[in-house]
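A.B. asks: This is the structure I want to talk about, given as structure tokens.
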Amino acid sequence: MSNPTITNLATLTGTWILDPSRTAIRFQTKIMRVIKVNGTFKALEGRASVAANGALNGSVVIDSASIDTKIAKRDTHLRSPDFFDVEKYPMMTFTATNGHLTSAGQVELVGNLEILGQTRTLTLLADVSNAGDSLKFSSEVDIDRTDWGMSHSAKMRSSTKIHVDTTAYFDRV
């Protein structure tokens with residue numbers, strides 16, 4: 001099945017629901033600035049809406065406790081108040097308030113990322129393709145965890161930069 005790139009958002013008018021089973025949220029950071037740590041999060045739910053004029057908005061809710069780096073002891077520490085404090089903040093949310101097609105054929109999503117109850121503006125560039133009643137958004141972004149108050153280990157030469165690579169699938173309602 002072909003996955004054509006989107007050239008006009010207005011052709012996608014309607015409501016779209018995230019398919020968590022096909023969505024992948026991957027991240028990479030470094031310990032001591034050299035040792036790469038890879039991990040994943042699971043999306044819980046999401047929704048997108050495209051207006052007749054092509055205006056796009058939506059949201060994705062991420063399960064903070066789903067963090068998985070394949071090392072149980074590290075994952076437990078990342079779930080603690082030193083990092084994601086999942087007992088107090090069980091979810092992270094990205095809410096796109098404005099999305100539009102760029103001249104390069106990507107969709108620029110401007111929105112807010114909430115982590116640890118703190119919201120910061122975030123702009124994502126996403127490649128978007130469709131196959132009938134399914135949309136695929138692929139984006140990569142670098143964030144700094146200290147922007148959301150996660151400063152544990154920052155002075156111990158661990159990187160505070162996190163590279164996030166997301167592939168999200170939405171199905172037409």
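Chain labels A, B, ... are given in the sequence in which chains occur in the structure tokens; within each chain residues are numbered consecutively from 1, and ligands are likewise numbered from 1 in the order shown.
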Could you write out, as a ChimeraX atom specification, all the residues of range 11-169 of chain A that DSSP marks as helix (DSSP H, G or I)?
C.D. replies: /A:11-12,20-22,72-79,145-148,154-156
A.B. asks: If DSSP is run on the backbone, what residues of chain A are strand (DSSP E or B)? A reply as a PyMOL selection string would be ideal.
C.D. replies: chain A and resi 5+14-18+24-31+35-50+56-68+91-101+107-115+118-130+134-144+161-172
A.B. asks: With C-alpha atoms kept, could you save the residues just selected as a short mmCIF file (atom, residue, chain, number, x, y, z; two decimals), in the first residue's frame?
C.D. replies:
```
data_model
loop_
_atom_site.label_atom_id
_atom_site.label_comp_id
_atom_site.auth_asym_id
_atom_site.auth_seq_id
_atom_site.Cartn_x
_atom_site.Cartn_y
_atom_site.Cartn_z
CA THR A 5 3.18 12.51 1.32
CA GLY A 14 -12.07 15.48 9.99
CA THR A 15 -11.24 13.85 13.29
CA TRP A 16 -8.43 11.35 13.75
CA ILE A 17 -7.77 9.05 16.75
CA LEU A 18 -4.29 7.84 17.76
CA ALA A 24 6.38 4.41 18.91
CA ILE A 25 8.06 7.04 21.10
CA ARG A 26 11.81 6.44 21.29
CA PHE A 27 14.47 8.51 23.02
CA GLN A 28 18.23 8.64 23.32
CA THR A 29 20.44 10.44 25.80
CA LYS A 30 23.94 9.95 27.18
CA ILE A 31 25.38 9.07 30.56
CA ILE A 35 27.44 6.15 26.97
CA LYS A 36 24.25 6.13 24.89
CA VAL A 37 21.01 5.22 26.63
CA ASN A 38 18.06 4.28 24.46
CA GLY A 39 14.52 3.88 25.66
CA THR A 40 10.85 4.04 24.84
CA PHE A 41 7.57 5.40 26.16
CA LYS A 42 4.05 4.25 25.31
CA ALA A 43 1.33 6.57 24.11
CA LEU A 44 -2.01 6.16 25.88
CA GLU A 45 -4.31 8.16 23.67
CA GLY A 46 -4.43 10.98 21.20
CA ARG A 47 -6.61 12.88 18.83
CA ALA A 48 -6.15 15.22 15.89
CA SER A 49 -8.55 17.48 14.06
CA VAL A 50 -8.17 19.05 10.64
CA LEU A 56 -4.59 21.22 12.36
CA ASN A 57 -4.60 20.69 16.13
CA GLY A 58 -4.45 17.70 18.43
CA SER A 59 -2.84 15.99 21.38
CA VAL A 60 -0.97 12.87 22.45
CA VAL A 61 -0.94 11.57 26.03
CA ILE A 62 2.12 9.55 27.08
CA ASP A 63 2.33 7.11 30.00
CA SER A 64 5.29 8.32 32.09
CA ALA A 65 5.53 5.00 33.94
CA SER A 66 5.95 3.11 30.66
CA ILE A 67 9.58 4.29 30.35
CA ASP A 68 11.68 1.32 29.29
CA MET A 91 1.26 11.38 32.20
CA MET A 92 3.04 13.71 29.81
CA THR A 93 1.04 15.50 27.13
CA PHE A 94 1.89 17.18 23.85
CA THR A 95 -0.89 19.47 22.64
CA ALA A 96 -0.55 20.87 19.13
CA THR A 97 -2.36 24.18 18.98
CA ASN A 98 -1.44 24.99 15.39
CA GLY A 99 -0.23 22.88 12.53
CA HIS A 100 0.46 23.92 8.97
CA LEU A 101 2.20 22.62 5.89
CA VAL A 107 3.93 19.77 8.81
CA GLU A 108 5.05 22.25 11.44
CA LEU A 109 3.29 21.55 14.72
CA VAL A 110 3.42 24.32 17.30
CA GLY A 111 2.21 23.35 20.72
CA ASN A 112 2.90 22.69 24.35
CA LEU A 113 4.69 19.80 26.03
CA GLU A 114 3.70 19.19 29.63
CA ILE A 115 6.09 17.19 31.80
CA GLN A 118 5.24 22.22 33.74
CA THR A 119 4.32 23.31 30.23
CA ARG A 120 6.82 24.53 27.65
CA THR A 121 6.27 25.57 24.05
CA LEU A 122 7.60 23.06 21.53
CA THR A 123 7.72 23.16 17.74
CA LEU A 124 7.96 19.90 15.81
CA LEU A 125 8.54 19.30 12.13
CA ALA A 126 6.77 16.14 11.04
CA ASP A 127 6.73 14.12 7.87
CA VAL A 128 3.12 13.15 7.28
CA SER A 129 1.87 10.47 4.93
CA ASN A 130 -1.46 8.81 4.49
CA SER A 134 -4.69 6.21 8.35
CA LEU A 135 -2.13 8.99 8.87
CA LYS A 136 1.51 8.54 9.86
CA PHE A 137 3.34 11.40 11.62
CA SER A 138 7.13 11.00 11.97
CA SER A 139 9.18 13.58 13.83
CA GLU A 140 12.42 14.05 15.73
CA VAL A 141 13.18 16.74 18.27
CA ASP A 142 15.86 17.50 20.85
CA ILE A 143 14.74 18.71 24.26
CA ASP A 144 16.59 19.63 27.44
CA LYS A 161 19.73 16.68 26.19
CA ILE A 162 17.24 14.08 25.04
CA HIS A 163 16.66 13.17 21.41
CA VAL A 164 13.06 12.06 20.86
CA ASP A 165 12.00 10.17 17.73
CA THR A 166 8.26 9.61 17.34
CA THR A 167 6.20 7.70 14.81
CA ALA A 168 2.48 8.14 15.49
CA TYR A 169 -0.42 6.62 13.59
CA PHE A 170 -3.89 8.18 13.56
CA ASP A 171 -7.03 6.59 12.15
CA ARG A 172 -9.97 8.53 10.73
#
```
A.B. asks: Which residue out of A:Val173, A:Leu78, A:Lys88, A:Pro20 has the minimum interatomic distance to Met150 in chain A when only C-alpha atoms are used?
C.D. replies: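 Under the stated criterion, the closest residue is A:Leu78.
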A.B. asks: Please compute the CA of Gly105 in chain A-CA of Asp19 in chain A distance, one decimal, in Å.
C.D. replies: 23.6 Å
A.B. asks: Using only C-alpha atoms, which of the listed residues (A:Leu9, A:Ala104, A:Leu116, A:Ala131) sits closest to Ala52 in chain A?
C.D. replies: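 Nearest candidate to Ala52 in chain A out of A:Leu9, A:Ala104, A:Leu116, A:Ala131: A:Leu9.
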A.B. asks: Between CA of Ser151 in chain A and CA of Asp85 in chain A, what is the distance in Å, rounded to a tenth?
C.D. replies: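 One can read the CA of Ser151 in chain A to CA of Asp85 in chain A distance as 12.7 Å.
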A.B. asks: Could you tell me which of A:Thr146, A:Asn53, A:Thr76, A:Thr23 comes closest to Ala10 in chain A if we count only C-alpha atoms?
C.D. replies: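 Once distances to Ala10 in chain A are computed over only C-alpha atoms, the minimum belongs to A:Asn53.
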A.B. asks: Just give me the gap between CA of Asn8 in chain A and CA of Gly54 in chain A in Å, one decimal is fine.
C.D. replies: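 These two atoms are separated by 7.2 Å.
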